[in-house]
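Structure data (mmCIF, C-alpha atoms) from start.cif:
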data_start
loop_
_atom_site.label_atom_id
_atom_site.label_comp_id
_atom_site.auth_asym_id
_atom_site.auth_seq_id
_atom_site.Cartn_x
_atom_site.Cartn_y
_atom_site.Cartn_z
CA MET A 100 4.46 40.00 6.42
CA VAL A 101 3.11 37.83 3.60
CA GLY A 102 -0.49 36.74 4.01
CA PRO A 103 -1.93 33.47 2.78
CA GLY A 104 -3.36 35.09 -0.30
CA ASP A 105 -0.17 36.98 -1.19
CA ALA A 106 2.07 33.97 -1.74
CA GLU A 107 2.78 32.86 -5.26
CA GLY A 108 -0.13 30.82 -6.50
CA GLY A 109 -2.41 32.08 -3.70
CA PRO A 110 -5.93 33.41 -4.31
CA ARG A 111 -4.80 37.03 -4.77
CA GLY A 112 -1.93 36.08 -7.06
CA GLY A 113 -4.30 33.97 -9.16
CA ALA A 114 -6.76 36.88 -9.45
CA TYR A 115 -3.99 39.22 -10.60
CA VAL A 116 -2.89 36.76 -13.27
CA GLN A 117 -6.46 36.29 -14.54
CA THR A 118 -6.99 40.06 -14.75
CA LEU A 119 -3.73 40.49 -16.66
CA VAL A 120 -4.59 37.70 -19.10
CA ARG A 121 -8.05 39.15 -19.79
CA ALA A 122 -6.52 42.60 -20.42
CA LEU A 123 -3.85 41.16 -22.72
CA PRO A 124 -5.81 41.57 -26.01
CA VAL A 125 -6.26 45.31 -25.35
CA LEU A 126 -2.62 45.67 -24.37
CA LEU A 127 -1.55 43.93 -27.58
CA ILE A 128 -3.60 46.30 -29.72
CA VAL A 129 -2.15 49.32 -27.91
CA ALA A 130 1.33 47.85 -28.29
CA GLY A 131 0.71 47.32 -32.00
CA VAL A 132 -0.34 50.93 -32.50
CA CYS A 133 2.71 52.22 -30.62
CA TYR A 134 5.01 49.87 -32.52
CA ASP A 135 3.66 51.02 -35.89
CA LEU A 136 3.94 54.72 -35.00
CA LEU A 137 7.46 54.47 -33.57
CA THR A 138 9.12 52.24 -36.17
CA PRO A 139 10.04 52.82 -39.83
CA PRO A 140 7.53 51.78 -42.54
CA PRO A 141 9.20 48.44 -43.42
CA PHE A 142 8.43 47.15 -39.93
CA THR A 143 4.91 45.72 -39.51
CA ALA A 144 2.72 45.47 -36.40
CA VAL A 145 0.40 42.83 -37.93
CA PRO A 146 1.36 40.11 -35.37
CA PHE A 147 0.04 42.28 -32.52
CA PHE A 148 -3.34 42.79 -34.21
CA THR A 149 -3.79 39.15 -35.22
CA VAL A 150 -2.81 37.66 -31.86
CA ALA A 151 -5.17 39.91 -29.87
CA PRO A 152 -8.49 38.28 -30.99
CA LEU A 153 -6.96 34.81 -30.80
CA ILE A 154 -6.12 35.36 -27.13
CA ALA A 155 -9.58 36.81 -26.45
CA ALA A 156 -11.35 33.84 -28.06
CA PRO A 157 -10.92 31.22 -25.29
CA LEU A 158 -11.03 33.74 -22.42
CA SER A 159 -13.89 36.15 -23.28
CA THR A 160 -17.46 36.10 -24.47
CA PHE A 161 -18.44 36.06 -28.13
CA ALA A 162 -19.28 39.77 -27.99
CA ASN A 163 -15.90 40.69 -26.45
CA THR A 164 -14.08 38.56 -29.01
CA LEU A 165 -16.01 40.27 -31.80
CA ARG A 166 -15.20 43.72 -30.39
CA THR A 167 -11.52 42.82 -30.06
CA GLY A 168 -11.38 41.62 -33.67
CA VAL A 169 -13.15 44.71 -35.03
CA VAL A 170 -10.93 47.09 -33.05
CA ALA A 171 -7.80 45.26 -34.19
CA VAL A 172 -8.82 45.37 -37.88
CA VAL A 173 -9.96 49.02 -37.75
CA ALA A 174 -6.82 50.13 -35.91
CA LEU A 175 -4.60 48.39 -38.46
CA ALA A 176 -6.57 49.90 -41.36
CA LEU A 177 -6.36 53.42 -39.92
CA LEU A 178 -2.62 53.09 -39.42
CA HIS A 179 -2.22 52.17 -43.11
CA ILE A 180 -4.59 54.91 -44.32
CA ARG A 181 -2.48 57.58 -42.65
CA GLY A 182 0.45 56.31 -44.72
CA SER A 183 0.06 54.61 -48.07
CA PHE A 184 -2.71 52.02 -48.50
CA ASP A 185 -1.10 49.79 -51.12
CA VAL A 186 -1.52 46.11 -51.96
CA GLY A 187 0.66 45.04 -49.03
CA ALA A 188 -1.45 47.07 -46.61
CA ALA A 189 -4.66 45.56 -48.00
CA THR A 190 -3.20 42.08 -47.55
CA GLU A 191 -2.31 42.80 -43.93
CA VAL A 192 -5.82 44.13 -43.17
CA ALA A 193 -7.40 41.12 -44.89
CA THR A 194 -5.16 38.79 -42.87
CA ALA A 195 -6.19 40.47 -39.60
CA ALA A 196 -9.87 40.22 -40.60
CA ALA A 197 -9.53 36.52 -41.45
CA VAL A 198 -7.86 35.83 -38.10
CA ALA A 199 -10.63 37.76 -36.31
CA VAL A 200 -13.24 35.51 -37.97
CA LEU A 201 -11.20 32.45 -36.97
CA ALA A 202 -11.16 33.75 -33.39
CA LEU A 203 -14.97 33.88 -33.39
CA VAL A 204 -15.11 30.25 -34.54
CA ILE A 205 -12.68 29.24 -31.78
CA ASN A 206 -14.78 31.13 -29.24
CA ARG A 207 -17.89 29.18 -30.24
CA LEU A 208 -16.08 25.85 -30.01
CA VAL A 209 -14.64 26.69 -26.58
CA ARG A 210 -18.06 27.77 -25.27
CA ARG A 211 -19.62 24.49 -26.44
CA SER A 212 -16.84 22.53 -24.74
CA ASP A 213 -17.41 24.51 -21.53
CA GLN A 214 -21.12 23.70 -21.67
CA ARG A 215 -20.39 19.99 -22.08
CA LEU A 216 -17.92 20.12 -19.20
CA ALA A 217 -20.44 21.91 -16.97
CA SER A 218 -23.03 19.23 -17.83
CA ALA A 219 -20.51 16.47 -17.01
CA ARG A 220 -19.77 18.16 -13.67
CA GLU A 221 -23.46 18.27 -12.82
CA ILE A 222 -23.78 14.57 -13.63
CA ALA A 223 -20.72 13.80 -11.49
CA GLU A 224 -22.13 15.78 -8.58
CA ALA A 225 -25.45 13.96 -8.87
CA ALA A 226 -23.62 10.62 -8.97
CA GLN A 227 -21.66 11.54 -5.87
CA ARG A 228 -24.78 12.54 -3.97
CA ALA A 229 -26.46 9.28 -5.00
CA VAL A 230 -23.56 6.90 -4.38
CA LEU A 231 -21.75 8.71 -1.57
CA PRO A 232 -24.21 11.02 0.21
CA GLU A 233 -22.92 13.23 2.99
CA PRO A 234 -24.09 11.85 6.34
CA ALA A 235 -26.21 13.84 8.77
CA GLU A 236 -24.35 16.01 11.27
CA ARG A 237 -25.75 13.96 14.16
CA ILE A 238 -26.42 10.22 14.08
CA GLY A 239 -27.30 8.12 17.12
CA GLY A 240 -26.24 10.88 19.51
CA PHE A 241 -22.79 11.33 17.89
CA ASP A 242 -21.43 14.32 15.98
CA ILE A 243 -20.57 13.28 12.42
CA ALA A 244 -18.65 14.93 9.59
CA ALA A 245 -17.37 13.53 6.29
CA ARG A 246 -15.36 14.90 3.41
CA TYR A 247 -14.23 13.58 0.04
CA GLU A 248 -11.23 15.21 -1.64
CA ALA A 249 -10.51 14.11 -5.20
CA ALA A 250 -6.87 14.23 -6.28
CA GLN A 251 -7.78 14.86 -9.93
CA ALA A 252 -9.05 18.31 -10.77
CA ASP A 253 -12.79 18.48 -11.59
CA ALA A 254 -13.30 14.90 -10.37
CA PHE A 255 -15.95 14.31 -7.73
CA ILE A 256 -15.91 10.64 -6.87
CA GLY A 257 -13.56 7.72 -7.24
CA GLY A 258 -12.80 4.51 -5.37
CA ASP A 259 -12.86 5.79 -1.78
CA LEU A 260 -15.99 5.30 0.29
CA TYR A 261 -17.62 5.91 3.65
CA ALA A 262 -21.03 5.22 5.17
CA VAL A 263 -22.58 5.70 8.61
CA GLN A 264 -25.81 4.16 9.87
CA ASP A 265 -27.70 4.03 13.15
CA THR A 266 -28.86 0.46 13.77
CA PRO A 267 -30.37 -1.57 16.63
CA HIS A 268 -26.83 -2.77 17.39
CA GLY A 269 -25.37 0.74 17.62
CA VAL A 270 -23.93 3.23 15.16
CA ARG A 271 -22.09 1.29 12.48
CA LEU A 272 -19.78 2.68 9.83
CA VAL A 273 -17.37 1.68 7.12
CA VAL A 274 -14.49 3.52 5.46
CA GLY A 275 -12.71 1.91 2.54
CA ASP A 276 -10.65 2.24 -0.61
CA VAL A 277 -11.46 0.23 -3.74
CA ARG A 278 -8.54 -0.88 -5.86
CA GLY A 279 -8.49 0.86 -9.20
CA LYS A 280 -10.02 4.01 -10.68
CA GLY A 281 -12.77 5.00 -13.04
CA MET A 282 -16.32 3.76 -13.35
CA GLY A 283 -15.34 0.24 -12.29
CA ALA A 284 -14.24 1.54 -8.90
CA VAL A 285 -17.39 3.67 -8.61
CA ALA A 286 -19.53 0.60 -9.34
CA ALA A 287 -17.71 -1.34 -6.60
CA VAL A 288 -18.29 1.57 -4.20
CA ALA A 289 -22.02 1.47 -4.94
CA VAL A 290 -22.14 -2.29 -4.37
CA LEU A 291 -20.26 -2.09 -1.08
CA ILE A 292 -22.30 0.77 0.34
CA GLY A 293 -25.55 -0.97 -0.65
CA ALA A 294 -24.41 -4.20 0.98
CA PHE A 295 -23.30 -2.33 4.11
CA ARG A 296 -26.64 -0.53 4.49
CA GLU A 297 -28.48 -3.85 4.44
CA ALA A 298 -26.02 -5.87 6.52
CA ALA A 299 -25.64 -3.18 9.19
CA GLU A 300 -29.35 -3.50 9.99
CA GLN A 301 -29.61 -7.27 9.77
CA GLU A 302 -26.39 -8.77 11.11
CA ALA A 303 -25.94 -9.19 14.87
CA THR A 304 -22.15 -8.79 14.86
CA LEU A 305 -19.67 -6.56 13.12
CA GLU A 306 -17.77 -9.62 11.94
CA ALA A 307 -20.88 -10.81 10.10
CA VAL A 308 -21.21 -7.40 8.44
CA ALA A 309 -17.64 -7.73 7.15
CA GLN A 310 -18.42 -11.18 5.74
CA ARG A 311 -21.48 -9.82 3.92
CA LEU A 312 -19.30 -7.16 2.32
CA GLU A 313 -16.78 -9.83 1.37
CA ARG A 314 -19.42 -11.89 -0.42
CA ALA A 315 -20.92 -8.85 -2.15
CA LEU A 316 -17.54 -7.80 -3.50
CA VAL A 317 -16.70 -11.32 -4.69
CA ARG A 318 -20.04 -11.52 -6.54
CA GLU A 319 -19.44 -8.15 -8.18
CA ALA A 320 -15.93 -9.12 -9.28
CA ALA A 321 -17.16 -12.41 -10.73
CA ARG A 322 -19.94 -10.61 -12.59
CA ARG A 323 -17.52 -8.17 -14.18
CA GLY A 324 -15.00 -10.90 -15.00
CA GLY A 325 -11.51 -10.31 -16.38
CA LEU A 326 -8.75 -9.20 -14.03
CA GLU A 327 -11.31 -7.86 -11.57
CA ALA A 328 -12.31 -11.43 -10.73
CA VAL A 329 -8.81 -12.19 -9.41
CA GLU A 330 -7.29 -8.79 -8.62
CA GLY A 331 -10.22 -6.75 -7.32
CA PHE A 332 -10.13 -5.92 -3.61
CA THR A 333 -11.03 -3.19 -1.15
CA THR A 334 -9.19 -2.16 1.99
CA ALA A 335 -11.66 -1.23 4.71
CA VAL A 336 -12.17 -0.64 8.40
CA LEU A 337 -15.57 -1.23 9.98
CA ALA A 338 -16.65 0.20 13.32
CA GLU A 339 -19.52 -0.30 15.72
CA ILE A 340 -20.29 2.09 18.56
CA PRO A 341 -22.89 0.55 20.92
CA HIS A 342 -25.63 2.78 22.28
CA ALA A 343 -24.67 1.71 25.81
CA GLY A 344 -21.04 1.75 26.96
CA ALA A 345 -18.16 4.03 26.05
CA VAL A 346 -16.43 1.65 23.63
CA VAL A 347 -15.93 1.16 19.91
CA ARG A 348 -15.49 -2.17 18.12
CA LEU A 349 -13.31 -2.34 15.01
CA VAL A 350 -12.74 -4.83 12.22
CA HIS A 351 -9.69 -4.09 10.09
CA ARG A 352 -9.38 -5.33 6.52
CA GLY A 353 -5.95 -4.12 5.39
CA HIS A 354 -6.86 -0.46 5.95
CA PRO A 355 -5.04 2.27 7.92
CA GLY A 356 -6.20 2.27 11.52
CA PRO A 357 -8.27 5.25 12.69
CA LEU A 358 -6.99 7.86 15.12
CA LEU A 359 -8.61 8.32 18.53
CA LEU A 360 -8.21 11.93 19.61
CA TYR A 361 -8.91 12.83 23.25
CA GLY A 362 -10.18 16.12 24.60
CA ASP A 363 -6.77 17.03 26.06
CA GLY A 364 -4.99 16.84 22.68
CA SER A 365 -3.46 13.39 23.13
CA LEU A 366 -4.23 10.65 20.62
CA ASP A 367 -3.84 6.94 19.87
CA THR A 368 -3.58 5.10 16.58
CA LEU A 369 -5.97 2.13 16.66
CA ARG A 370 -3.96 -0.37 14.66
CA ALA A 371 -5.16 -3.90 13.95
CA GLU A 372 -4.22 -6.42 16.62
CA GLU A 373 -4.18 -9.18 13.99
CA PRO A 374 -3.46 -8.56 10.28
CA ALA A 375 -6.24 -9.42 7.83
CA LEU A 376 -6.59 -9.39 4.06
CA PRO A 377 -8.65 -6.73 2.28
CA LEU A 378 -12.23 -7.45 1.26
CA GLY A 379 -12.43 -9.54 -1.88
CA MET A 380 -9.32 -11.59 -1.04
CA GLY A 381 -10.87 -13.97 1.48
CA GLU A 382 -10.04 -17.02 -0.62
CA LEU A 383 -6.31 -16.35 -0.18
CA GLY A 384 -6.34 -16.63 3.60
CA PRO A 385 -8.35 -18.51 6.26
CA TRP A 386 -8.21 -15.81 8.95
CA PRO A 387 -11.64 -15.13 10.46
CA ASP A 388 -12.72 -11.60 11.26
CA ARG A 389 -12.26 -10.68 14.93
CA ALA A 390 -13.53 -7.36 16.25
CA GLN A 391 -11.27 -5.57 18.71
CA GLU A 392 -12.82 -3.39 21.38
CA VAL A 393 -11.24 -0.19 22.66
CA PRO A 394 -12.47 2.54 25.03
CA PHE A 395 -14.21 5.52 23.41
CA PRO A 396 -14.77 8.03 26.24
CA GLY A 397 -16.88 11.17 26.20
CA GLY A 398 -15.28 14.14 24.44
CA ALA A 399 -13.11 11.84 22.30
CA THR A 400 -13.11 11.82 18.49
CA LEU A 401 -12.54 9.03 15.99
CA LEU A 402 -10.89 10.00 12.72
CA PHE A 403 -11.12 7.53 9.82
CA TYR A 404 -9.26 8.17 6.58
CA THR A 405 -8.09 6.45 3.42
CA ASP A 406 -4.50 6.05 2.27
CA GLY A 407 -4.70 9.21 0.18
CA VAL A 408 -3.81 10.92 3.47
CA THR A 409 -0.91 8.72 4.57
CA GLU A 410 0.52 8.40 1.05
CA ALA A 411 0.59 12.13 0.38
CA ARG A 412 4.24 13.15 -0.12
CA ASP A 413 6.14 16.39 -0.06
CA ARG A 414 8.74 17.38 -2.65
CA HIS A 415 11.36 15.31 -0.81
CA GLY A 416 9.22 12.17 -0.94
CA VAL A 417 8.34 12.23 2.78
CA PHE A 418 4.93 10.77 3.58
CA PHE A 419 2.36 12.76 5.52
CA ASP A 420 1.87 11.58 9.13
CA PRO A 421 -1.62 12.53 10.39
CA ALA A 422 -0.86 11.41 13.97
CA ARG A 423 2.18 13.66 14.24
CA CYS A 424 0.28 16.53 12.60
CA LEU A 425 -2.71 16.37 14.96
CA ALA A 426 -0.98 15.42 18.22
CA GLY A 427 -1.38 18.05 20.92
CA ARG A 428 -4.14 19.95 19.09
CA THR A 429 -7.80 20.37 19.97
CA PHE A 430 -10.68 21.26 17.68
CA ARG A 431 -14.08 22.87 18.08
CA GLY A 432 -15.83 20.05 16.27
CA PRO A 433 -15.61 17.41 13.53
CA ARG A 434 -15.78 19.91 10.66
CA ALA A 435 -12.95 21.99 12.11
CA LEU A 436 -10.85 18.83 12.40
CA LEU A 437 -11.47 17.89 8.76
CA ALA A 438 -10.72 21.40 7.52
CA THR A 439 -7.43 21.46 9.43
CA LEU A 440 -6.38 18.02 8.21
CA VAL A 441 -7.08 18.85 4.55
CA GLU A 442 -5.18 22.13 4.85
CA GLU A 443 -2.20 20.33 6.38
CA VAL A 444 -2.16 17.72 3.61
CA VAL A 445 -2.28 20.45 0.95
CA ARG A 446 0.51 22.33 2.70
CA HIS A 447 2.58 19.14 2.93
CA THR A 448 2.21 18.16 -0.74
CA GLY A 449 2.79 21.69 -2.03
CA VAL A 450 2.37 22.62 -5.68
CA GLY A 451 2.16 19.06 -7.00
CA GLY A 452 -0.83 18.24 -4.81
CA ALA A 453 -2.02 14.85 -3.60
CA THR A 454 -1.84 11.92 -6.02
CA ASP A 455 -4.72 9.91 -4.55
CA ASP A 456 -8.25 10.65 -3.40
CA MET A 457 -8.96 11.18 0.29
CA ALA A 458 -12.10 10.06 2.11
CA LEU A 459 -12.37 11.38 5.68
CA LEU A 460 -14.93 10.52 8.35
CA VAL A 461 -15.06 11.91 11.89
CA VAL A 462 -17.23 10.64 14.78
CA ARG A 463 -17.23 12.59 18.03
CA ARG A 464 -18.81 11.45 21.27
CA PRO A 465 -20.23 14.60 22.94
#

What do you get writing this file as structure tokens?
Amino acid sequence: MVGPGDAEGGPRGGAYVQTLVRALPVLLIVAGVCYDLLTPPPFTAVPFFTVAPLIAAPLSTFANTLRTGVVAVVALALLHIRGSFDVGAATEVATAAAVAVLALVINRLVRRSDQRLASAREIAEAAQRAVLPEPAERIGGFDIAARYEAAQADAFIGGDLYAVQDTPHGVRLVVGDVRGKGMGAVAAVAVLIGAFREAAEQEATLEAVAQRLERALVREAARRGGLEAVEGFTTAVLAEIPHAGAVVRLVHRGHPGPLLLYGDGSLDTLRAEEPALPLGMGELGPWPDRAQEVPFPGGATLLFYTDGVTEARDRHGVFFDPARCLAGRTFRGPRALLATLVEEVVRHTGVGGATDDMALLVVRRP
């Protein structure tokens, strides 16, 4: 039986490959010695001894790279001393020494790049915590869990967003996806979350909260100018869960509808009753926001997600269907649900991985 870590590309397979790569410089030196001893004099083993420190440079520490270079040069010199140390032999030893010095320079450059990358990662993590903080596990009597999965390796935040807040009108939340990538999308995320925090406390209705977000996004697009002023938009779904009554109110703005999972494993997709344009495109259509109200009984769970989930494809181009994946299953809590969903998306996309970020938010009524 093949375990999850034994499959190709699994954790164990990756560890084996890393160990083999790190041992490769030593293996090359040993191979060079054997090659020189077992072949006639005209054949040279110099390539083995020069490649060894070059491979060690980006993978090992400075000390290990230095040791690899010294061993390679000494081994080559000893092999020539036992034969005839002529001009050709001296040239080969000098070449190996020069390459060993070059390997040390490469090692230094790689280490500096790694330090810069680590610093950039720390900055990205701090930005994520500031712009998109993880909500508390319990808000307004509800169990909460959120997760952000970046499609790009080493990226921490992009254009997807979520926010949850307990207000006098109930627990209010927003999940959305800003058009575009990069710092422009991150700036729009910061503007929207800031506007939501303020509007959720002040506005009496969920429709008014949506209009405040609309105006905030329009102002931000106008400030930035260019194509953003006419093409910038954000798909979003807003929700309000009153403190009294087992219901949830939703306002859809061109975003995938959340899933309502019941305690017995059944589920419903809460699609918009009336289509509406994304935030930032209000000038193109006169439709007013209308909140729809649906039952939200005890033991049920709301799952909000961005289109990075529904647009994840397998190698045949088939889109991932979260409703079909989760139907008939029960979970211990919000975090277990998120972990399962992310694992299923990764399994569906396979080696290529997802092509878009995923923002996930779960609200469970105990």

- Identify, on the basis of only C-alpha atoms, every residue whose closest approach to stretch 368-383 of chain A does not exceed 6 Å; exclude the query and any residue fewer than 2 positions from it along the same chain; express the result as a ChimeraX atom specification. /A:313,316-317,332-334,351-353,356-358

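Of the residues under consideration (A:Asp413, A:Pro157, A:Pro341, A:Gly407), A:Pro341 shows the shortest atom-to-atom contact distance to A:Phe241 when counting only C-alpha atoms.
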
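The set of residues that the PyMOL selection byres ((chain A and resi 462) around 6) takes from this file is Asp242, Ile243, Thr400, Leu401, Val461 and Arg463 of chain A.
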
- Record the distance separating atom CA of A:Thr194 and atom CA of A:Arg211, expressed in Å with one decimal. 26.1 Å

- For A:Ile238, which of A:His342, A:Leu126, A:Thr164, A:Val285 is the closest residue, counting all atoms listed in the file?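 When distances to A:Ile238 are compared using all atoms listed in the file, the smallest one comes from A:His342.
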
- Query: Excluding same-chain residues fewer than 4 positions from A:Thr149, what lies within 12 Å of it counting only C-alpha atoms, as an NGL selection string?
  - Reply: :A and (124-125 or 127-128 or 131 or 143-145 or 153-156 or 167-175 or 191-202)

- Task: Give me the result of the PyMOL selection byres ((chain A and resi 263-280) around 6) on this file, residue by residue, as number ranges by chain.
- Result: A: 239, 258-262, 281, 284, 300, 332-342

- Message: I'd like to see the residues matched by the PyMOL selection byres ((chain A and resi 311) around 12) on this file, and ideally I'd get them as a count of residues only.
- Response: 32

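Distance-wise, atom CA of A:Cys424 and atom CA of A:Leu437 end up 12.4 Å apart.
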
- Message: Here is a test: counting only C-alpha atoms, which residue of A:Ala151, A:Ala235, A:Val209, A:Ile180 is nearest to A:Arg121?
- Response: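 Of A:Ala151, A:Ala235, A:Val209, A:Ile180, the one nearest A:Arg121, counting only C-alpha atoms, is A:Ala151.
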
- Which residue, A:Ala390, A:Val441, A:Leu158, A:Ala321, has the smallest gap to A:Asp213 when you use all atoms listed in the file? A:Leu158

- Pick the closest to A:Phe419 from A:Val444, A:Leu208, A:Ala438, A:Ala458: which is it, counting all atoms listed in the file? A:Val444

- Task: Measure the distance from atom CA of A:Thr405 to atom CA of A:Pro465 in Å and round it to one decimal.
- Result: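 For atom CA of A:Thr405 relative to atom CA of A:Pro465, the distance reads 24.4 Å.
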
- From the set A:Arg246, A:His415, A:Arg464, A:Arg428, which residue has the shortest atom-to-atom contact distance to A:His447, counting only C-alpha atoms?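 Result for the nearest residue to A:His447: A:His415.
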